[in-house]
Amino acid sequence: MIKFENVSKAYDGNEFFALKNIDLHIEKGEFVFLVGPSGAGKSTFLRLILKDFDPTEGMILLDEINTKTLRKAEVQKLRRRMGVVFQDFKLLEGKTVFENVAFAMEVLRRDTKTIQKRVLQVLEIVGLDEMADRYPMAMSGGERQRVAIARAIINGPDILICDEPTGNLDPRTSFGIMKLLENINKFGTTIIMATHDKQVVDAFNKRVIILDRGLVKGDRQGGYFY
């Protein structure tokens, strides 16, 4: 589904390489942990998939299509196939849970009836069906992250990008968020999750891609080593 072919990404006039000579393939429906120390290249890796920028060298293929050749309208279509979850939630504090999740459908101009039905379905999936009218400021960190996940999956993405989604949560809450992501993955959504959380990686036996100084230092099933 996603292929990196000899991908490198440089900054500062090609003086600093955040990623160097990355070759790997992520299959449809996989759940992949992306680990490594700060500065290893994890954020750059995710942003390349999202096409925030193009690689300096090499190709990224999504379903055999070179993302570097996509026109602006095609990039927008590509991003609609992806959902993103961040460490700091990025919720709209002045909107209710329902309104936060519905917003992702409203920008695509979906009709009100469809939005109402889909939002309630997704809130049930993430365990927040009784909190639709609550505001984020009145919720715990774990509940806020569930809202963010609901918003990310509301349009049925093929790929879910998670950037340190448990970074601000305690271990028990992190485990609940991981079980939710695991359930979403079982429906066929490909999940790529950057994390520093060794306990999470050790507890869930998934593929682990290890980055260090822009290089792939390991690619294995389970285990957290770098």
# chains A, B, ... in the order shown; residues from 1 in each chain; ligands from 1
$ closest_atom_pairs --of "stretch 87-193 of chain A" --to "stretch 44-60 of chain A" --cutoff "10 Å" --atoms "only C-alpha atoms" --output "JSON lines"
{"residue": "A:Ile159", "atom": "CA", "partner": "A:Ile49", "partner_atom": "CA", "distance": 9.8}
{"residue": "A:Ile161", "atom": "CA", "partner": "A:Leu46", "partner_atom": "CA", "distance": 7.1}
{"residue": "A:Cys162", "atom": "CA", "partner": "A:Leu46", "partner_atom": "CA", "distance": 8.7}
{"residue": "A:Asp163", "atom": "CA", "partner": "A:Leu46", "partner_atom": "CA", "distance": 8.0}
{"residue": "A:Ile192", "atom": "CA", "partner": "A:Leu46", "partner_atom": "CA", "distance": 8.2}
{"residue": "A:Met193", "atom": "CA", "partner": "A:Leu46", "partner_atom": "CA", "distance": 8.8}
$ closest_residue --among "A:Val201, A:Leu61, A:Leu91, A:Val126" --to "A:Leu78" --atoms "only C-alpha atoms"
A:Leu61
$ residues_around --residues "stretch 21-26 of chain A" --least-positions-apart "4" --cutoff "9 Å" --atoms "only C-alpha atoms" --output "ChimeraX atom specification"
/A:1-9,30-32,57-58,190,192,214-216,219
$ residues_around --residues "A:Asp158" --least-positions-apart "3" --cutoff "9 Å" --atoms "only C-alpha atoms" --output "PyMOL selection string"
chain A and resi 28-29+80-83+188-191
$ atom_distance --atom1 "atom CA of A:Glu99" --atom2 "atom CA of A:Leu123"
11.5 Å
$ atom_distance --atom1 "atom CA of A:Gln76" --atom2 "atom CA of A:Ala102"
19.0 Å
$ atom_distance --atom1 "atom CA of A:Val122" --atom2 "atom CA of A:Ala150"
6.0 Å
$ select_by_dssp --residues "stretch 50-224 of chain A" --states "strand (DSSP E)" --output "count of residues only"
36
$ residues_around --residues "A:Glu130" --least-positions-apart "5" --cutoff "12 Å" --atoms "only C-alpha atoms" --output "number ranges by chain"
A: 97-98, 120-125, 143
$ closest_residue --among "A:Lys90, A:Lys117, A:Lys20, A:Lys206" --to "A:Pro165" --atoms "only C-alpha atoms"
A:Lys90
$ closest_residue --among "A:Val85, A:Ala203, A:Ala194, A:Ile184" --to "A:Val147" --atoms "only C-alpha atoms"
A:Val85
$ residues_around --residues "A:Ile115" --least-positions-apart "3" --cutoff "12 Å" --atoms "only C-alpha atoms" --output "PDB file with N, CA, C and O atoms, in the first residue's frame"
ATOM      1  N   PHE A  98     -19.817  16.561  19.747  1.00  0.00           N
ATOM      2  CA  PHE A  98     -20.517  16.316  18.477  1.00  0.00           C
ATOM      3  C   PHE A  98     -20.027  17.281  17.406  1.00  0.00           C
ATOM      4  O   PHE A  98     -19.728  16.869  16.274  1.00  0.00           O
ATOM      5  N   GLU A  99     -19.942  18.555  17.729  1.00  0.00           N
ATOM      6  CA  GLU A  99     -19.543  19.574  16.754  1.00  0.00           C
ATOM      7  C   GLU A  99     -18.101  19.395  16.302  1.00  0.00           C
ATOM      8  O   GLU A  99     -17.777  19.622  15.133  1.00  0.00           O
ATOM      9  N   ASN A 100     -17.213  18.988  17.220  1.00  0.00           N
ATOM     10  CA  ASN A 100     -15.819  18.740  16.848  1.00  0.00           C
ATOM     11  C   ASN A 100     -15.716  17.627  15.819  1.00  0.00           C
ATOM     12  O   ASN A 100     -14.981  17.734  14.840  1.00  0.00           O
ATOM     13  N   VAL A 101     -16.450  16.548  16.045  1.00  0.00           N
ATOM     14  CA  VAL A 101     -16.385  15.404  15.144  1.00  0.00           C
ATOM     15  C   VAL A 101     -17.096  15.709  13.831  1.00  0.00           C
ATOM     16  O   VAL A 101     -16.606  15.376  12.752  1.00  0.00           O
ATOM     17  N   ALA A 102     -18.243  16.392  13.922  1.00  0.00           N
ATOM     18  CA  ALA A 102     -19.016  16.731  12.722  1.00  0.00           C
ATOM     19  C   ALA A 102     -18.248  17.670  11.794  1.00  0.00           C
ATOM     20  O   ALA A 102     -18.432  17.626  10.574  1.00  0.00           O
ATOM     21  N   PHE A 103     -17.383  18.495  12.370  1.00  0.00           N
ATOM     22  CA  PHE A 103     -16.657  19.492  11.579  1.00  0.00           C
ATOM     23  C   PHE A 103     -15.887  18.854  10.428  1.00  0.00           C
ATOM     24  O   PHE A 103     -15.820  19.408   9.328  1.00  0.00           O
ATOM     25  N   ALA A 104     -15.328  17.677  10.669  1.00  0.00           N
ATOM     26  CA  ALA A 104     -14.548  16.994   9.627  1.00  0.00           C
ATOM     27  C   ALA A 104     -15.416  16.554   8.455  1.00  0.00           C
ATOM     28  O   ALA A 104     -14.911  16.361   7.342  1.00  0.00           O
ATOM     29  N   MET A 105     -16.703  16.378   8.698  1.00  0.00           N
ATOM     30  CA  MET A 105     -17.631  16.055   7.607  1.00  0.00           C
ATOM     31  C   MET A 105     -18.181  17.323   6.955  1.00  0.00           C
ATOM     32  O   MET A 105     -18.433  17.359   5.745  1.00  0.00           O
ATOM     33  N   GLU A 106     -18.354  18.350   7.757  1.00  0.00           N
ATOM     34  CA  GLU A 106     -18.901  19.607   7.247  1.00  0.00           C
ATOM     35  C   GLU A 106     -17.978  20.237   6.203  1.00  0.00           C
ATOM     36  O   GLU A 106     -18.462  20.812   5.219  1.00  0.00           O
ATOM     37  N   VAL A 107     -16.665  20.112   6.415  1.00  0.00           N
ATOM     38  CA  VAL A 107     -15.733  20.700   5.447  1.00  0.00           C
ATOM     39  C   VAL A 107     -15.816  20.004   4.089  1.00  0.00           C
ATOM     40  O   VAL A 107     -15.429  20.573   3.068  1.00  0.00           O
ATOM     41  N   LEU A 108     -16.341  18.775   4.079  1.00  0.00           N
ATOM     42  CA  LEU A 108     -16.556  18.048   2.827  1.00  0.00           C
ATOM     43  C   LEU A 108     -17.979  18.243   2.302  1.00  0.00           C
ATOM     44  O   LEU A 108     -18.375  17.624   1.320  1.00  0.00           O
ATOM     45  N   ARG A 109     -18.739  19.110   2.993  1.00  0.00           N
ATOM     46  CA  ARG A 109     -20.097  19.493   2.583  1.00  0.00           C
ATOM     47  C   ARG A 109     -21.063  18.305   2.541  1.00  0.00           C
ATOM     48  O   ARG A 109     -21.884  18.197   1.626  1.00  0.00           O
ATOM     49  N   ARG A 110     -20.958  17.444   3.539  1.00  0.00           N
ATOM     50  CA  ARG A 110     -21.920  16.361   3.666  1.00  0.00           C
ATOM     51  C   ARG A 110     -23.240  16.917   4.196  1.00  0.00           C
ATOM     52  O   ARG A 110     -23.253  17.907   4.933  1.00  0.00           O
ATOM     53  N   ASP A 111     -24.344  16.260   3.864  1.00  0.00           N
ATOM     54  CA  ASP A 111     -25.646  16.762   4.281  1.00  0.00           C
ATOM     55  C   ASP A 111     -25.877  16.495   5.774  1.00  0.00           C
ATOM     56  O   ASP A 111     -25.278  15.598   6.369  1.00  0.00           O
ATOM     57  N   THR A 112     -26.763  17.294   6.360  1.00  0.00           N
ATOM     58  CA  THR A 112     -26.984  17.278   7.807  1.00  0.00           C
ATOM     59  C   THR A 112     -27.429  15.911   8.316  1.00  0.00           C
ATOM     60  O   THR A 112     -26.963  15.434   9.362  1.00  0.00           O
ATOM     61  N   ARG A 118     -23.787   9.540  11.094  1.00  0.00           N
ATOM     62  CA  ARG A 118     -22.404   9.050  11.137  1.00  0.00           C
ATOM     63  C   ARG A 118     -21.706   9.454  12.434  1.00  0.00           C
ATOM     64  O   ARG A 118     -20.988   8.640  13.033  1.00  0.00           O
ATOM     65  N   VAL A 119     -21.903  10.682  12.885  1.00  0.00           N
ATOM     66  CA  VAL A 119     -21.238  11.135  14.110  1.00  0.00           C
ATOM     67  C   VAL A 119     -21.679  10.287  15.297  1.00  0.00           C
ATOM     68  O   VAL A 119     -20.848   9.857  16.113  1.00  0.00           O
ATOM     69  N   LEU A 120     -22.953  10.015  15.403  1.00  0.00           N
ATOM     70  CA  LEU A 120     -23.441   9.198  16.510  1.00  0.00           C
ATOM     71  C   LEU A 120     -22.876   7.785  16.443  1.00  0.00           C
ATOM     72  O   LEU A 120     -22.551   7.180  17.482  1.00  0.00           O
ATOM     73  N   GLN A 121     -22.733   7.243  15.221  1.00  0.00           N
ATOM     74  CA  GLN A 121     -22.140   5.914  15.061  1.00  0.00           C
ATOM     75  C   GLN A 121     -20.695   5.900  15.560  1.00  0.00           C
ATOM     76  O   GLN A 121     -20.283   4.983  16.291  1.00  0.00           O
ATOM     77  N   VAL A 122     -19.937   6.905  15.161  1.00  0.00           N
ATOM     78  CA  VAL A 122     -18.514   6.946  15.511  1.00  0.00           C
ATOM     79  C   VAL A 122     -18.321   7.223  16.995  1.00  0.00           C
ATOM     80  O   VAL A 122     -17.420   6.650  17.627  1.00  0.00           O
ATOM     81  N   LEU A 123     -19.145   8.074  17.569  1.00  0.00           N
ATOM     82  CA  LEU A 123     -19.040   8.322  19.009  1.00  0.00           C
ATOM     83  C   LEU A 123     -19.307   7.048  19.798  1.00  0.00           C
ATOM     84  O   LEU A 123     -18.702   6.824  20.853  1.00  0.00           O
ATOM     85  N   ARG A 151     -12.879  12.095  15.353  1.00  0.00           N
ATOM     86  CA  ARG A 151     -12.777  13.072  14.258  1.00  0.00           C
ATOM     87  C   ARG A 151     -11.894  12.539  13.133  1.00  0.00           C
ATOM     88  O   ARG A 151     -12.182  12.736  11.953  1.00  0.00           O
ATOM     89  N   ILE A 154     -13.914   9.736  11.140  1.00  0.00           N
ATOM     90  CA  ILE A 154     -15.299  10.005  10.777  1.00  0.00           C
ATOM     91  C   ILE A 154     -15.566   9.811   9.288  1.00  0.00           C
ATOM     92  O   ILE A 154     -16.649   9.391   8.883  1.00  0.00           O
ATOM     93  N   ASN A 155     -14.578  10.099   8.438  1.00  0.00           N
ATOM     94  CA  ASN A 155     -14.764   9.973   6.993  1.00  0.00           C
ATOM     95  C   ASN A 155     -14.236   8.653   6.431  1.00  0.00           C
ATOM     96  O   ASN A 155     -14.052   8.518   5.222  1.00  0.00           O
TER      97      ASN A 155
END
$ residues_around --residues "A:Arg146" --least-positions-apart "6" --cutoff "9 Å" --atoms "only C-alpha atoms" --output "PyMOL selection string"
chain A and resi 89+123+126-128+177+180
$ write_last_selection --atoms "all heavy atoms" --output "JSON list (two decimals), in the first residue's frame"
[["chain", "number", "residue", "atom", "x", "y", "z"],
["A", 89, "PHE", "N", -4.14, 16.65, 20.92],
["A", 89, "PHE", "CA", -5.57, 16.58, 20.63],
["A", 89, "PHE", "C", -6.04, 17.54, 19.53],
["A", 89, "PHE", "O", -6.77, 17.15, 18.63],
["A", 89, "PHE", "CB", -6.43, 16.81, 21.89],
["A", 89, "PHE", "CG", -5.93, 16.13, 23.12],
["A", 89, "PHE", "CD1", -5.81, 16.83, 24.31],
["A", 89, "PHE", "CD2", -5.55, 14.79, 23.11],
["A", 89, "PHE", "CE1", -5.34, 16.21, 25.46],
["A", 89, "PHE", "CE2", -5.10, 14.15, 24.25],
["A", 89, "PHE", "CZ", -4.99, 14.87, 25.44],
["A", 123, "LEU", "N", -19.15, 8.07, 17.57],
["A", 123, "LEU", "CA", -19.04, 8.32, 19.01],
["A", 123, "LEU", "C", -19.31, 7.05, 19.80],
["A", 123, "LEU", "O", -18.70, 6.82, 20.85],
["A", 123, "LEU", "CB", -20.00, 9.43, 19.44],
["A", 123, "LEU", "CG", -19.62, 10.84, 18.99],
["A", 123, "LEU", "CD1", -20.65, 11.85, 19.48],
["A", 123, "LEU", "CD2", -18.22, 11.23, 19.47],
["A", 126, "VAL", "N", -16.07, 4.92, 19.73],
["A", 126, "VAL", "CA", -15.00, 5.37, 20.62],
["A", 126, "VAL", "C", -15.44, 5.47, 22.08],
["A", 126, "VAL", "O", -14.68, 5.88, 22.94],
["A", 126, "VAL", "CB", -14.41, 6.73, 20.15],
["A", 126, "VAL", "CG1", -13.88, 6.63, 18.74],
["A", 126, "VAL", "CG2", -15.44, 7.86, 20.28],
["A", 127, "GLY", "N", -16.69, 5.08, 22.35],
["A", 127, "GLY", "CA", -17.17, 5.04, 23.73],
["A", 127, "GLY", "C", -17.58, 6.37, 24.30],
["A", 127, "GLY", "O", -17.55, 6.57, 25.53],
["A", 128, "LEU", "N", -17.99, 7.30, 23.43],
["A", 128, "LEU", "CA", -18.39, 8.64, 23.89],
["A", 128, "LEU", "C", -19.81, 8.99, 23.49],
["A", 128, "LEU", "O", -20.17, 10.17, 23.42],
["A", 128, "LEU", "CB", -17.43, 9.70, 23.32],
["A", 128, "LEU", "CG", -15.97, 9.62, 23.75],
["A", 128, "LEU", "CD1", -15.16, 10.70, 23.03],
["A", 128, "LEU", "CD2", -15.83, 9.78, 25.25],
["A", 177, "ILE", "N", -6.66, 3.66, 25.01],
["A", 177, "ILE", "CA", -6.55, 4.26, 23.67],
["A", 177, "ILE", "C", -5.97, 3.25, 22.69],
["A", 177, "ILE", "O", -6.43, 3.15, 21.54],
["A", 177, "ILE", "CB", -5.67, 5.53, 23.73],
["A", 177, "ILE", "CG1", -6.37, 6.64, 24.53],
["A", 177, "ILE", "CG2", -5.32, 6.02, 22.32],
["A", 177, "ILE", "CD1", -7.68, 7.12, 23.93],
["A", 180, "LEU", "N", -8.56, 0.78, 21.61],
["A", 180, "LEU", "CA", -9.46, 1.42, 20.64],
["A", 180, "LEU", "C", -8.82, 1.43, 19.26],
["A", 180, "LEU", "O", -9.46, 1.06, 18.26],
["A", 180, "LEU", "CB", -9.78, 2.84, 21.09],
["A", 180, "LEU", "CG", -10.56, 3.71, 20.09],
["A", 180, "LEU", "CD1", -11.88, 3.06, 19.72],
["A", 180, "LEU", "CD2", -10.78, 5.10, 20.68]]
$ closest_residue --among "A:Asn205, A:Thr96, A:Gln116, A:Gln199" --to "A:Gly167" --atoms "only C-alpha atoms"
A:Gln199
